[in-house]
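Data file: work36.csv. Format and content: CSV, N, CA and C atoms.
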```csv
chain,number,residue,atom,x,y,z
A,1,MET,N,-29.4,19.3,2.3
A,1,MET,CA,-28.5,18.2,2.9
A,1,MET,C,-27.1,18.8,3.1
A,2,ARG,N,-26.6,18.6,4.3
A,2,ARG,CA,-25.3,19.1,4.7
A,2,ARG,C,-24.3,18.0,4.3
A,3,LEU,N,-23.1,18.4,3.8
A,3,LEU,CA,-22.1,17.4,3.4
A,3,LEU,C,-21.0,17.2,4.3
A,4,VAL,N,-20.7,18.2,5.1
A,4,VAL,CA,-19.5,18.1,6.0
A,4,VAL,C,-19.8,18.6,7.4
A,5,SER,N,-19.3,17.9,8.4
A,5,SER,CA,-19.5,18.3,9.7
A,5,SER,C,-18.2,18.9,10.3
A,6,ASP,N,-18.2,19.4,11.5
A,6,ASP,CA,-17.0,20.0,12.1
A,6,ASP,C,-16.1,19.1,12.9
A,7,PHE,N,-16.4,17.7,12.8
A,7,PHE,CA,-15.6,16.9,13.6
A,7,PHE,C,-14.2,16.7,13.0
A,8,ALA,N,-13.2,16.3,13.8
A,8,ALA,CA,-11.9,16.1,13.3
A,8,ALA,C,-11.8,14.8,12.5
A,9,LEU,N,-11.3,14.9,11.3
A,9,LEU,CA,-11.1,13.8,10.4
A,9,LEU,C,-9.8,13.1,10.7
A,10,THR,N,-9.8,11.8,10.7
A,10,THR,CA,-8.6,11.0,10.9
A,10,THR,C,-8.0,10.7,9.6
A,11,PRO,N,-6.7,10.6,9.5
A,11,PRO,CA,-6.1,10.2,8.2
A,11,PRO,C,-6.4,8.8,7.9
A,12,PHE,N,-6.4,8.5,6.6
A,12,PHE,CA,-6.7,7.1,6.2
A,12,PHE,C,-5.6,6.6,5.3
A,13,PRO,N,-5.4,5.3,5.2
A,13,PRO,CA,-4.4,4.7,4.4
A,13,PRO,C,-4.8,4.8,2.9
A,14,GLN,N,-3.8,4.7,2.0
A,14,GLN,CA,-4.1,4.7,0.6
A,14,GLN,C,-4.5,3.3,0.1
A,15,ASN,N,-5.3,3.3,-0.9
A,15,ASN,CA,-5.8,2.0,-1.5
A,15,ASN,C,-4.6,1.5,-2.3
A,16,ALA,N,-4.4,0.2,-2.2
A,16,ALA,CA,-3.3,-0.4,-3.0
A,16,ALA,C,-3.6,-0.4,-4.5
A,17,HIS,N,-4.8,-0.3,-4.9
A,17,HIS,CA,-5.2,-0.4,-6.3
A,17,HIS,C,-4.9,0.9,-7.1
A,18,HIS,N,-4.8,2.0,-6.4
A,18,HIS,CA,-4.6,3.3,-7.0
A,18,HIS,C,-4.1,4.3,-6.0
A,19,ASP,N,-3.0,5.0,-6.2
A,19,ASP,CA,-2.4,5.9,-5.3
A,19,ASP,C,-3.3,7.0,-4.8
A,20,ALA,N,-4.1,7.6,-5.7
A,20,ALA,CA,-4.9,8.7,-5.3
A,20,ALA,C,-6.2,8.4,-4.7
A,21,MET,N,-6.6,7.1,-4.6
A,21,MET,CA,-7.9,6.8,-4.1
A,21,MET,C,-7.8,6.3,-2.6
A,22,PRO,N,-8.5,7.0,-1.7
A,22,PRO,CA,-8.5,6.5,-0.4
A,22,PRO,C,-9.2,5.2,-0.2
A,23,GLU,N,-8.9,4.5,0.9
A,23,GLU,CA,-9.4,3.1,1.1
A,23,GLU,C,-10.9,3.1,1.3
A,24,VAL,N,-11.5,4.3,1.4
A,24,VAL,CA,-13.0,4.3,1.7
A,24,VAL,C,-13.8,3.7,0.5
A,25,PHE,N,-13.1,3.7,-0.7
A,25,PHE,CA,-13.8,3.1,-1.8
A,25,PHE,C,-12.8,2.4,-2.7
A,26,SER,N,-13.2,1.4,-3.5
A,26,SER,CA,-12.3,0.7,-4.4
A,26,SER,C,-13.1,0.5,-5.7
A,27,VAL,N,-12.4,0.7,-6.8
A,27,VAL,CA,-13.0,0.5,-8.1
A,27,VAL,C,-12.8,-1.0,-8.5
A,28,ARG,N,-13.9,-1.6,-8.9
A,28,ARG,CA,-13.9,-3.0,-9.3
A,28,ARG,C,-14.5,-3.0,-10.7
A,29,THR,N,-14.5,-4.2,-11.3
A,29,THR,CA,-15.1,-4.3,-12.6
A,29,THR,C,-16.6,-3.9,-12.6
A,30,GLY,N,-16.9,-2.9,-13.3
A,30,GLY,CA,-18.3,-2.4,-13.5
A,30,GLY,C,-18.8,-1.6,-12.4
A,31,CYS,N,-18.2,-1.4,-11.2
A,31,CYS,CA,-18.8,-0.6,-10.2
A,31,CYS,C,-17.7,-0.2,-9.1
A,32,ILE,N,-18.2,0.6,-8.2
A,32,ILE,CA,-17.3,1.1,-7.1
A,32,ILE,C,-17.9,0.5,-5.8
A,33,PHE,N,-17.0,0.0,-5.0
A,33,PHE,CA,-17.4,-0.5,-3.7
A,33,PHE,C,-17.1,0.6,-2.7
A,34,LEU,N,-18.1,1.1,-1.9
A,34,LEU,CA,-18.0,2.2,-1.0
A,34,LEU,C,-18.3,1.7,0.4
A,35,ARG,N,-17.3,2.0,1.3
A,35,ARG,CA,-17.5,1.6,2.7
A,35,ARG,C,-18.2,2.7,3.4
A,36,VAL,N,-19.2,2.4,4.2
A,36,VAL,CA,-20.0,3.4,4.9
A,36,VAL,C,-20.2,3.1,6.3
A,37,LYS,N,-20.1,4.1,7.2
A,37,LYS,CA,-20.4,4.0,8.6
A,37,LYS,C,-21.8,4.7,8.8
A,38,ALA,N,-22.8,3.9,9.1
A,38,ALA,CA,-24.2,4.5,9.3
A,38,ALA,C,-24.3,5.1,10.6
A,39,LYS,N,-25.0,6.3,10.7
A,39,LYS,CA,-25.4,7.0,11.9
A,39,LYS,C,-26.9,7.3,11.8
A,40,PRO,N,-27.7,6.2,12.1
A,40,PRO,CA,-29.1,6.5,12.1
A,40,PRO,C,-29.6,7.3,13.3
A,41,GLY,N,-30.8,7.9,13.2
A,41,GLY,CA,-31.4,8.7,14.3
A,41,GLY,C,-30.7,10.0,14.4
A,42,ALA,N,-30.1,10.6,13.4
A,42,ALA,CA,-29.4,11.9,13.5
A,42,ALA,C,-30.4,13.0,13.4
A,43,ARG,N,-30.0,14.2,13.6
A,43,ARG,CA,-30.9,15.4,13.5
A,43,ARG,C,-31.2,15.7,12.1
A,44,GLN,N,-30.3,15.4,11.2
A,44,GLN,CA,-30.5,15.7,9.7
A,44,GLN,C,-29.7,14.7,8.9
A,45,ASP,N,-30.2,14.5,7.7
A,45,ASP,CA,-29.5,13.7,6.7
A,45,ASP,C,-28.2,14.4,6.2
A,46,SER,N,-27.1,13.8,6.3
A,46,SER,CA,-25.8,14.4,5.9
A,46,SER,C,-24.7,13.4,5.7
A,47,ILE,N,-23.7,13.8,4.9
A,47,ILE,CA,-22.5,13.1,4.9
A,47,ILE,C,-21.5,13.8,5.8
A,48,LEU,N,-21.1,13.2,6.8
A,48,LEU,CA,-20.3,13.9,7.9
A,48,LEU,C,-18.8,13.9,7.6
A,49,GLY,N,-18.3,13.0,6.8
A,49,GLY,CA,-16.9,13.0,6.5
A,49,GLY,C,-16.4,11.6,6.4
A,50,VAL,N,-15.0,11.5,6.5
A,50,VAL,CA,-14.4,10.2,6.5
A,50,VAL,C,-13.8,9.9,7.8
A,51,ARG,N,-14.1,8.8,8.3
A,51,ARG,CA,-13.5,8.3,9.6
A,51,ARG,C,-12.9,7.0,9.4
A,52,GLY,N,-11.6,6.9,9.6
A,52,GLY,CA,-10.9,5.7,9.3
A,52,GLY,C,-10.9,5.4,7.8
A,53,SER,N,-11.5,4.3,7.4
A,53,SER,CA,-11.6,3.9,6.0
A,53,SER,C,-13.1,3.9,5.6
A,54,GLU,N,-14.0,4.7,6.3
A,54,GLU,CA,-15.4,4.7,5.9
A,54,GLU,C,-15.9,6.1,5.8
A,55,LEU,N,-16.9,6.2,4.9
A,55,LEU,CA,-17.6,7.5,4.7
A,55,LEU,C,-18.7,7.5,5.7
A,56,VAL,N,-18.8,8.5,6.6
A,56,VAL,CA,-19.8,8.5,7.6
A,56,VAL,C,-21.0,9.2,7.1
A,57,VAL,N,-22.2,8.5,7.1
A,57,VAL,CA,-23.4,9.0,6.6
A,57,VAL,C,-24.5,9.0,7.7
A,58,ALA,N,-25.0,10.2,8.1
A,58,ALA,CA,-26.0,10.3,9.1
A,58,ALA,C,-27.4,10.4,8.4
A,59,VAL,N,-28.4,9.7,9.0
A,59,VAL,CA,-29.8,9.8,8.5
A,59,VAL,C,-30.7,10.0,9.7
A,60,ARG,N,-31.8,10.6,9.4
A,60,ARG,CA,-32.8,10.9,10.5
A,60,ARG,C,-33.6,9.7,10.9
A,61,VAL,N,-33.8,8.8,10.0
A,61,VAL,CA,-34.7,7.6,10.3
A,61,VAL,C,-33.9,6.6,11.3
A,62,PRO,N,-34.7,5.9,12.1
A,62,PRO,CA,-34.1,4.9,13.0
A,62,PRO,C,-33.7,3.7,12.2
A,63,PRO,N,-32.9,2.8,12.8
A,63,PRO,CA,-32.5,1.6,12.1
A,63,PRO,C,-33.5,0.5,12.3
A,64,GLU,N,-34.6,0.7,11.8
A,64,GLU,CA,-35.7,-0.3,11.9
A,64,GLU,C,-36.2,-0.8,10.5
A,65,LYS,N,-36.2,-2.1,10.3
A,65,LYS,CA,-36.7,-2.7,9.1
A,65,LYS,C,-36.1,-2.2,7.8
A,66,GLY,N,-34.8,-1.9,7.9
A,66,GLY,CA,-34.0,-1.5,6.7
A,66,GLY,C,-34.3,-0.1,6.3
A,67,ARG,N,-35.0,0.7,7.1
A,67,ARG,CA,-35.3,2.1,6.7
A,67,ARG,C,-34.1,2.9,6.6
A,68,ALA,N,-33.2,2.8,7.5
A,68,ALA,CA,-31.9,3.6,7.5
A,68,ALA,C,-31.1,3.2,6.3
A,69,ASN,N,-31.0,1.9,5.9
A,69,ASN,CA,-30.3,1.5,4.7
A,69,ASN,C,-30.8,2.2,3.5
A,70,THR,N,-32.1,2.2,3.4
A,70,THR,CA,-32.7,2.9,2.2
A,70,THR,C,-32.5,4.4,2.2
A,71,GLU,N,-32.5,5.0,3.3
A,71,GLU,CA,-32.3,6.4,3.4
A,71,GLU,C,-30.8,6.8,3.1
A,72,ILE,N,-29.9,5.9,3.6
A,72,ILE,CA,-28.5,6.1,3.3
A,72,ILE,C,-28.2,6.0,1.8
A,73,ALA,N,-28.8,5.1,1.1
A,73,ALA,CA,-28.7,5.0,-0.3
A,73,ALA,C,-29.3,6.2,-1.0
A,74,ARG,N,-30.3,6.8,-0.5
A,74,ARG,CA,-30.9,8.0,-1.1
A,74,ARG,C,-29.9,9.2,-0.9
A,75,VAL,N,-29.4,9.3,0.3
A,75,VAL,CA,-28.4,10.4,0.6
A,75,VAL,C,-27.2,10.3,-0.3
A,76,LEU,N,-26.7,9.1,-0.5
A,76,LEU,CA,-25.5,8.8,-1.3
A,76,LEU,C,-25.8,9.1,-2.8
A,77,ALA,N,-27.0,8.7,-3.3
A,77,ALA,CA,-27.4,8.9,-4.7
A,77,ALA,C,-27.5,10.4,-4.9
A,78,LYS,N,-28.1,11.1,-4.0
A,78,LYS,CA,-28.2,12.6,-4.2
A,78,LYS,C,-26.8,13.3,-4.3
A,79,ALA,N,-25.9,12.9,-3.3
A,79,ALA,CA,-24.6,13.5,-3.3
A,79,ALA,C,-23.8,13.2,-4.5
A,80,LEU,N,-24.0,11.9,-5.1
A,80,LEU,CA,-23.2,11.5,-6.2
A,80,LEU,C,-23.8,11.8,-7.5
A,81,GLY,N,-25.0,12.3,-7.5
A,81,GLY,CA,-25.7,12.6,-8.8
A,81,GLY,C,-26.1,11.4,-9.6
A,82,VAL,N,-26.5,10.3,-8.9
A,82,VAL,CA,-26.9,9.1,-9.6
A,82,VAL,C,-28.3,8.8,-9.1
A,83,SER,N,-28.9,7.8,-9.8
A,83,SER,CA,-30.2,7.3,-9.5
A,83,SER,C,-30.2,6.5,-8.2
A,84,ARG,N,-31.2,6.6,-7.4
A,84,ARG,CA,-31.3,5.8,-6.1
A,84,ARG,C,-31.2,4.3,-6.4
A,85,ASP,N,-31.7,3.9,-7.5
A,85,ASP,CA,-31.6,2.5,-7.9
A,85,ASP,C,-30.2,2.0,-8.2
A,86,GLU,N,-29.3,2.9,-8.5
A,86,GLU,CA,-27.9,2.6,-8.8
A,86,GLU,C,-27.0,2.5,-7.6
A,87,VAL,N,-27.5,2.8,-6.4
A,87,VAL,CA,-26.8,2.7,-5.1
A,87,VAL,C,-27.4,1.4,-4.4
A,88,VAL,N,-26.6,0.4,-4.3
A,88,VAL,CA,-27.0,-0.9,-3.8
A,88,VAL,C,-26.3,-1.3,-2.6
A,89,LEU,N,-27.0,-1.7,-1.5
A,89,LEU,CA,-26.4,-2.2,-0.3
A,89,LEU,C,-25.9,-3.7,-0.6
A,90,LYS,N,-24.6,-3.9,-0.4
A,90,LYS,CA,-24.1,-5.3,-0.7
A,90,LYS,C,-23.8,-6.0,0.6
A,91,ILE,N,-23.3,-5.3,1.6
A,91,ILE,CA,-22.9,-6.0,2.9
A,91,ILE,C,-23.3,-5.1,4.0
A,92,GLY,N,-23.8,-5.7,5.1
A,92,GLY,CA,-24.0,-5.0,6.3
A,92,GLY,C,-25.5,-4.5,6.6
A,93,GLY,N,-26.4,-5.3,6.1
A,93,GLY,CA,-27.8,-4.9,6.3
A,93,GLY,C,-28.2,-4.6,7.7
A,94,SER,N,-27.7,-5.3,8.7
A,94,SER,CA,-28.0,-5.0,10.1
A,94,SER,C,-26.9,-4.5,10.9
A,95,SER,N,-25.8,-4.0,10.2
A,95,SER,CA,-24.6,-3.5,10.9
A,95,SER,C,-24.5,-2.0,10.6
A,96,ALA,N,-23.7,-1.4,11.5
A,96,ALA,CA,-23.4,0.1,11.3
A,96,ALA,C,-22.4,0.2,10.2
A,97,HIS,N,-21.6,-0.9,9.9
A,97,HIS,CA,-20.5,-0.8,8.9
A,97,HIS,C,-21.1,-1.5,7.7
A,98,LYS,N,-21.1,-0.8,6.6
A,98,LYS,CA,-21.8,-1.3,5.4
A,98,LYS,C,-20.9,-1.1,4.1
A,99,VAL,N,-21.3,-1.8,3.1
A,99,VAL,CA,-20.6,-1.6,1.8
A,99,VAL,C,-21.7,-1.5,0.8
A,100,TYR,N,-21.7,-0.4,0.1
A,100,TYR,CA,-22.6,-0.1,-1.0
A,100,TYR,C,-21.9,-0.1,-2.3
A,101,THR,N,-22.6,-0.5,-3.4
A,101,THR,CA,-22.0,-0.3,-4.7
A,101,THR,C,-22.6,0.9,-5.4
A,102,VAL,N,-21.8,1.6,-6.1
A,102,VAL,CA,-22.3,2.8,-6.9
A,102,VAL,C,-21.7,2.7,-8.3
A,103,PRO,N,-22.3,3.3,-9.3
A,103,PRO,CA,-21.8,3.1,-10.7
A,103,PRO,C,-20.4,3.8,-10.9
A,104,LEU,N,-19.7,3.3,-11.8
A,104,LEU,CA,-18.4,3.9,-12.2
A,104,LEU,C,-18.5,5.4,-12.6
A,105,ALA,N,-19.6,5.7,-13.1
A,105,ALA,CA,-19.8,7.1,-13.5
A,105,ALA,C,-19.7,8.1,-12.4
A,106,ALA,N,-19.8,7.6,-11.1
A,106,ALA,CA,-19.8,8.5,-10.0
A,106,ALA,C,-18.3,8.6,-9.4
A,107,ALA,N,-17.4,8.0,-10.0
A,107,ALA,CA,-16.0,7.9,-9.5
A,107,ALA,C,-15.4,9.3,-9.3
A,108,SER,N,-15.5,10.2,-10.2
A,108,SER,CA,-14.9,11.5,-10.1
A,108,SER,C,-15.6,12.4,-9.0
A,109,ILE,N,-16.9,12.3,-8.9
A,109,ILE,CA,-17.6,13.0,-7.9
A,109,ILE,C,-17.3,12.4,-6.5
A,110,LEU,N,-17.2,11.1,-6.4
A,110,LEU,CA,-16.9,10.4,-5.2
A,110,LEU,C,-15.5,10.8,-4.7
A,111,GLY,N,-14.6,10.8,-5.6
A,111,GLY,CA,-13.2,11.2,-5.3
A,111,GLY,C,-13.1,12.6,-4.7
A,112,LYS,N,-13.9,13.5,-5.4
A,112,LYS,CA,-13.9,14.9,-4.9
A,112,LYS,C,-14.6,15.0,-3.5
A,113,LEU,N,-15.7,14.3,-3.4
A,113,LEU,CA,-16.4,14.3,-2.1
A,113,LEU,C,-15.5,13.8,-1.0
A,114,VAL,N,-14.8,12.7,-1.2
A,114,VAL,CA,-14.0,12.1,-0.1
A,114,VAL,C,-12.8,13.0,0.2
A,115,SER,N,-12.2,13.6,-0.8
A,115,SER,CA,-11.1,14.4,-0.5
A,115,SER,C,-11.5,15.8,0.1
A,116,ALA,N,-12.7,16.2,-0.1
A,116,ALA,CA,-13.2,17.5,0.4
A,116,ALA,C,-13.6,17.3,1.9
A,117,VAL,N,-13.9,16.1,2.3
A,117,VAL,CA,-14.3,16.0,3.7
A,117,VAL,C,-13.2,15.4,4.5
```
Please express the file's structure as structure tokens.
Amino acid sequence: MRLVSDFALTPFPQNAHHDAMPEVFSVRTGCIFLRVKAKPGARQDSILGVRGSELVVAVRVPPEKGRANTEIARVLAKALGVSRDEVVLKIGGSSAHKVYTVPLAAASILGKLVSAV
């Protein structure tokens, strides 16, 4: 799985809850809310980077019957080192703009991932 693409990343505003955390995610009671821009039908599964205030995730499967949502959760779980069951789609089932929740245990890895891309 490829984690970073060669496209130019746009700067993003800082989260009001914590200076060092980009707006792409926010820490709430018990979990992290992660904003995702889905790119279904890609050549390979990968995390492309941050665009605006969203983590861009490309998956090979088409956006049919929730298959892309499931695959995005799998890609995120693998990148964050958590179980697939711990990555839950909360908003955006039929939209390209989604919000997933991930466990607090993934905060440091997520922070490194977002700052690296």
Quiz item: Which is closest to Ala107 of chain A among A:Glu86, A:Leu80, A:Ala58, A:Ser95, if we use only N, CA and C atoms?
Solution: A:Leu80
Exercise. Check chain A with DSSP on the backbone and list each residue it calls helix (DSSP H, G or I), as a ChimeraX atom specification.
Key: /A:67-80,84-86,104-116
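One distance worth recording is that between atom CA of Lys65 of chain A and atom N of Val87 of chain A, which is 18.8 Å.
Taking atom C of Ile72 of chain A and atom C of Phe33 of chain A as endpoints, the distance between them is 13.1 Å.
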Quiz item: To one decimal place, how far is atom CA of Ser26 of chain A from atom CA of Ala96 of chain A in Å?
Solution: 19.2 Å
Pull the closest atom pair for each residue of segment 19-61 of chain A that gets at most 12 Å from segment 109-117 of chain A, along with the distance in Å to one decimal, counting only C-alpha atoms, ordering rows by chain and then ascending residue number, as CSV.
```
residue,atom,partner,partner_atom,distance
A:Ala20,CA,A:Gly111,CA,8.7
A:Met21,CA,A:Gly111,CA,7.0
A:Pro22,CA,A:Val114,CA,7.9
A:Glu23,CA,A:Val114,CA,10.2
A:Val24,CA,A:Val114,CA,8.1
A:Phe25,CA,A:Leu110,CA,8.6
A:Ser26,CA,A:Gly111,CA,10.6
A:Val27,CA,A:Leu110,CA,11.0
A:Ile32,CA,A:Leu110,CA,9.5
A:Phe33,CA,A:Leu110,CA,11.0
A:Leu34,CA,A:Leu110,CA,9.3
A:Arg35,CA,A:Val114,CA,11.4
A:Val36,CA,A:Val114,CA,11.7
A:Ser46,CA,A:Val117,CA,11.8
A:Ile47,CA,A:Val117,CA,8.8
A:Leu48,CA,A:Val117,CA,7.6
A:Gly49,CA,A:Val117,CA,4.9
A:Val50,CA,A:Val117,CA,6.4
A:Arg51,CA,A:Val117,CA,9.7
A:Gly52,CA,A:Val114,CA,11.8
A:Ser53,CA,A:Val114,CA,10.5
A:Glu54,CA,A:Val114,CA,9.6
A:Leu55,CA,A:Val114,CA,7.6
A:Val56,CA,A:Val117,CA,10.1
A:Val57,CA,A:Val117,CA,11.8
```
Quiz item: Residues of chain A in strand (DSSP E or B) according to DSSP, as a ChimeraX atom specification?
Solution: /A:2,14,22,25-28,31-40,46-51,54-59,88-91,97-103
Save out the residues we just selected, N, CA and C atoms, as a compact mmCIF listing (two decimals), in the frame of the given file.
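The result, stored in again.txt:
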```txt
# COMPACT_ATOMS: atom_id res chain seq x y z
N ARG A 2 -26.60 18.60 4.30
CA ARG A 2 -25.30 19.10 4.70
C ARG A 2 -24.30 18.00 4.30
N GLN A 14 -3.80 4.70 2.00
CA GLN A 14 -4.10 4.70 0.60
C GLN A 14 -4.50 3.30 0.10
N PRO A 22 -8.50 7.00 -1.70
CA PRO A 22 -8.50 6.50 -0.40
C PRO A 22 -9.20 5.20 -0.20
N PHE A 25 -13.10 3.70 -0.70
CA PHE A 25 -13.80 3.10 -1.80
C PHE A 25 -12.80 2.40 -2.70
N SER A 26 -13.20 1.40 -3.50
CA SER A 26 -12.30 0.70 -4.40
C SER A 26 -13.10 0.50 -5.70
N VAL A 27 -12.40 0.70 -6.80
CA VAL A 27 -13.00 0.50 -8.10
C VAL A 27 -12.80 -1.00 -8.50
N ARG A 28 -13.90 -1.60 -8.90
CA ARG A 28 -13.90 -3.00 -9.30
C ARG A 28 -14.50 -3.00 -10.70
N CYS A 31 -18.20 -1.40 -11.20
CA CYS A 31 -18.80 -0.60 -10.20
C CYS A 31 -17.70 -0.20 -9.10
N ILE A 32 -18.20 0.60 -8.20
CA ILE A 32 -17.30 1.10 -7.10
C ILE A 32 -17.90 0.50 -5.80
N PHE A 33 -17.00 0.00 -5.00
CA PHE A 33 -17.40 -0.50 -3.70
C PHE A 33 -17.10 0.60 -2.70
N LEU A 34 -18.10 1.10 -1.90
CA LEU A 34 -18.00 2.20 -1.00
C LEU A 34 -18.30 1.70 0.40
N ARG A 35 -17.30 2.00 1.30
CA ARG A 35 -17.50 1.60 2.70
C ARG A 35 -18.20 2.70 3.40
N VAL A 36 -19.20 2.40 4.20
CA VAL A 36 -20.00 3.40 4.90
C VAL A 36 -20.20 3.10 6.30
N LYS A 37 -20.10 4.10 7.20
CA LYS A 37 -20.40 4.00 8.60
C LYS A 37 -21.80 4.70 8.80
N ALA A 38 -22.80 3.90 9.10
CA ALA A 38 -24.20 4.50 9.30
C ALA A 38 -24.30 5.10 10.60
N LYS A 39 -25.00 6.30 10.70
CA LYS A 39 -25.40 7.00 11.90
C LYS A 39 -26.90 7.30 11.80
N PRO A 40 -27.70 6.20 12.10
CA PRO A 40 -29.10 6.50 12.10
C PRO A 40 -29.60 7.30 13.30
N SER A 46 -27.10 13.80 6.30
CA SER A 46 -25.80 14.40 5.90
C SER A 46 -24.70 13.40 5.70
N ILE A 47 -23.70 13.80 4.90
CA ILE A 47 -22.50 13.10 4.90
C ILE A 47 -21.50 13.80 5.80
N LEU A 48 -21.10 13.20 6.80
CA LEU A 48 -20.30 13.90 7.90
C LEU A 48 -18.80 13.90 7.60
N GLY A 49 -18.30 13.00 6.80
CA GLY A 49 -16.90 13.00 6.50
C GLY A 49 -16.40 11.60 6.40
N VAL A 50 -15.00 11.50 6.50
CA VAL A 50 -14.40 10.20 6.50
C VAL A 50 -13.80 9.90 7.80
N ARG A 51 -14.10 8.80 8.30
CA ARG A 51 -13.50 8.30 9.60
C ARG A 51 -12.90 7.00 9.40
N GLU A 54 -14.00 4.70 6.30
CA GLU A 54 -15.40 4.70 5.90
C GLU A 54 -15.90 6.10 5.80
N LEU A 55 -16.90 6.20 4.90
CA LEU A 55 -17.60 7.50 4.70
C LEU A 55 -18.70 7.50 5.70
N VAL A 56 -18.80 8.50 6.60
CA VAL A 56 -19.80 8.50 7.60
C VAL A 56 -21.00 9.20 7.10
N VAL A 57 -22.20 8.50 7.10
CA VAL A 57 -23.40 9.00 6.60
C VAL A 57 -24.50 9.00 7.70
N ALA A 58 -25.00 10.20 8.10
CA ALA A 58 -26.00 10.30 9.10
C ALA A 58 -27.40 10.40 8.40
N VAL A 59 -28.40 9.70 9.00
CA VAL A 59 -29.80 9.80 8.50
C VAL A 59 -30.70 10.00 9.70
N VAL A 88 -26.60 0.40 -4.30
CA VAL A 88 -27.00 -0.90 -3.80
C VAL A 88 -26.30 -1.30 -2.60
N LEU A 89 -27.00 -1.70 -1.50
CA LEU A 89 -26.40 -2.20 -0.30
C LEU A 89 -25.90 -3.70 -0.60
N LYS A 90 -24.60 -3.90 -0.40
CA LYS A 90 -24.10 -5.30 -0.70
C LYS A 90 -23.80 -6.00 0.60
N ILE A 91 -23.30 -5.30 1.60
CA ILE A 91 -22.90 -6.00 2.90
C ILE A 91 -23.30 -5.10 4.00
N HIS A 97 -21.60 -0.90 9.90
CA HIS A 97 -20.50 -0.80 8.90
C HIS A 97 -21.10 -1.50 7.70
N LYS A 98 -21.10 -0.80 6.60
CA LYS A 98 -21.80 -1.30 5.40
C LYS A 98 -20.90 -1.10 4.10
N VAL A 99 -21.30 -1.80 3.10
CA VAL A 99 -20.60 -1.60 1.80
C VAL A 99 -21.70 -1.50 0.80
N TYR A 100 -21.70 -0.40 0.10
CA TYR A 100 -22.60 -0.10 -1.00
C TYR A 100 -21.90 -0.10 -2.30
N THR A 101 -22.60 -0.50 -3.40
CA THR A 101 -22.00 -0.30 -4.70
C THR A 101 -22.60 0.90 -5.40
N VAL A 102 -21.80 1.60 -6.10
CA VAL A 102 -22.30 2.80 -6.90
C VAL A 102 -21.70 2.70 -8.30
N PRO A 103 -22.30 3.30 -9.30
CA PRO A 103 -21.80 3.10 -10.70
C PRO A 103 -20.40 3.80 -10.90
```
Practice problem: Within 7 Å of (-28.3, 8.0, 6.9) (coordinates as in the file), grab all the protein and nucleic acid residues, counting all atoms listed in the file, and write them out as a PyMOL selection string. | Solution: chain A and resi 38-41+45-46+57-61+68-69+71-73+75
Requested write-out: N, CA and C atoms of the selected residues, as a tab-separated table (two decimals), keeping the file's coordinate frame:
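This is the output file selection_20.tsv:
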```tsv
chain	number	residue	atom	x	y	z
A	38	ALA	N	-22.80	3.90	9.10
A	38	ALA	CA	-24.20	4.50	9.30
A	38	ALA	C	-24.30	5.10	10.60
A	39	LYS	N	-25.00	6.30	10.70
A	39	LYS	CA	-25.40	7.00	11.90
A	39	LYS	C	-26.90	7.30	11.80
A	40	PRO	N	-27.70	6.20	12.10
A	40	PRO	CA	-29.10	6.50	12.10
A	40	PRO	C	-29.60	7.30	13.30
A	41	GLY	N	-30.80	7.90	13.20
A	41	GLY	CA	-31.40	8.70	14.30
A	41	GLY	C	-30.70	10.00	14.40
A	45	ASP	N	-30.20	14.50	7.70
A	45	ASP	CA	-29.50	13.70	6.70
A	45	ASP	C	-28.20	14.40	6.20
A	46	SER	N	-27.10	13.80	6.30
A	46	SER	CA	-25.80	14.40	5.90
A	46	SER	C	-24.70	13.40	5.70
A	57	VAL	N	-22.20	8.50	7.10
A	57	VAL	CA	-23.40	9.00	6.60
A	57	VAL	C	-24.50	9.00	7.70
A	58	ALA	N	-25.00	10.20	8.10
A	58	ALA	CA	-26.00	10.30	9.10
A	58	ALA	C	-27.40	10.40	8.40
A	59	VAL	N	-28.40	9.70	9.00
A	59	VAL	CA	-29.80	9.80	8.50
A	59	VAL	C	-30.70	10.00	9.70
A	60	ARG	N	-31.80	10.60	9.40
A	60	ARG	CA	-32.80	10.90	10.50
A	60	ARG	C	-33.60	9.70	10.90
A	61	VAL	N	-33.80	8.80	10.00
A	61	VAL	CA	-34.70	7.60	10.30
A	61	VAL	C	-33.90	6.60	11.30
A	68	ALA	N	-33.20	2.80	7.50
A	68	ALA	CA	-31.90	3.60	7.50
A	68	ALA	C	-31.10	3.20	6.30
A	69	ASN	N	-31.00	1.90	5.90
A	69	ASN	CA	-30.30	1.50	4.70
A	69	ASN	C	-30.80	2.20	3.50
A	71	GLU	N	-32.50	5.00	3.30
A	71	GLU	CA	-32.30	6.40	3.40
A	71	GLU	C	-30.80	6.80	3.10
A	72	ILE	N	-29.90	5.90	3.60
A	72	ILE	CA	-28.50	6.10	3.30
A	72	ILE	C	-28.20	6.00	1.80
A	73	ALA	N	-28.80	5.10	1.10
A	73	ALA	CA	-28.70	5.00	-0.30
A	73	ALA	C	-29.30	6.20	-1.00
A	75	VAL	N	-29.40	9.30	0.30
A	75	VAL	CA	-28.40	10.40	0.60
A	75	VAL	C	-27.20	10.30	-0.30
```
Practice problem: Write out as a list of chain:residue names each polymer residue whose atoms come within 5 Å of Cys31 of chain A, counting all atoms listed in the file; drop sequence neighbours fewer than 2 positions from it. | Solution: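 These residues fall inside the cut-off: A:Val27, A:Arg28, A:Thr29, A:Phe33, A:Val102, A:Pro103, A:Leu104.
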Those same residues, written as a tab-separated table (two decimals), in the frame of the given file with N, CA and C atoms?
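Listed below is the output, result.tsv:
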```
chain	number	residue	atom	x	y	z
A	27	VAL	N	-12.40	0.70	-6.80
A	27	VAL	CA	-13.00	0.50	-8.10
A	27	VAL	C	-12.80	-1.00	-8.50
A	28	ARG	N	-13.90	-1.60	-8.90
A	28	ARG	CA	-13.90	-3.00	-9.30
A	28	ARG	C	-14.50	-3.00	-10.70
A	29	THR	N	-14.50	-4.20	-11.30
A	29	THR	CA	-15.10	-4.30	-12.60
A	29	THR	C	-16.60	-3.90	-12.60
A	33	PHE	N	-17.00	0.00	-5.00
A	33	PHE	CA	-17.40	-0.50	-3.70
A	33	PHE	C	-17.10	0.60	-2.70
A	102	VAL	N	-21.80	1.60	-6.10
A	102	VAL	CA	-22.30	2.80	-6.90
A	102	VAL	C	-21.70	2.70	-8.30
A	103	PRO	N	-22.30	3.30	-9.30
A	103	PRO	CA	-21.80	3.10	-10.70
A	103	PRO	C	-20.40	3.80	-10.90
A	104	LEU	N	-19.70	3.30	-11.80
A	104	LEU	CA	-18.40	3.90	-12.20
A	104	LEU	C	-18.50	5.40	-12.60
```
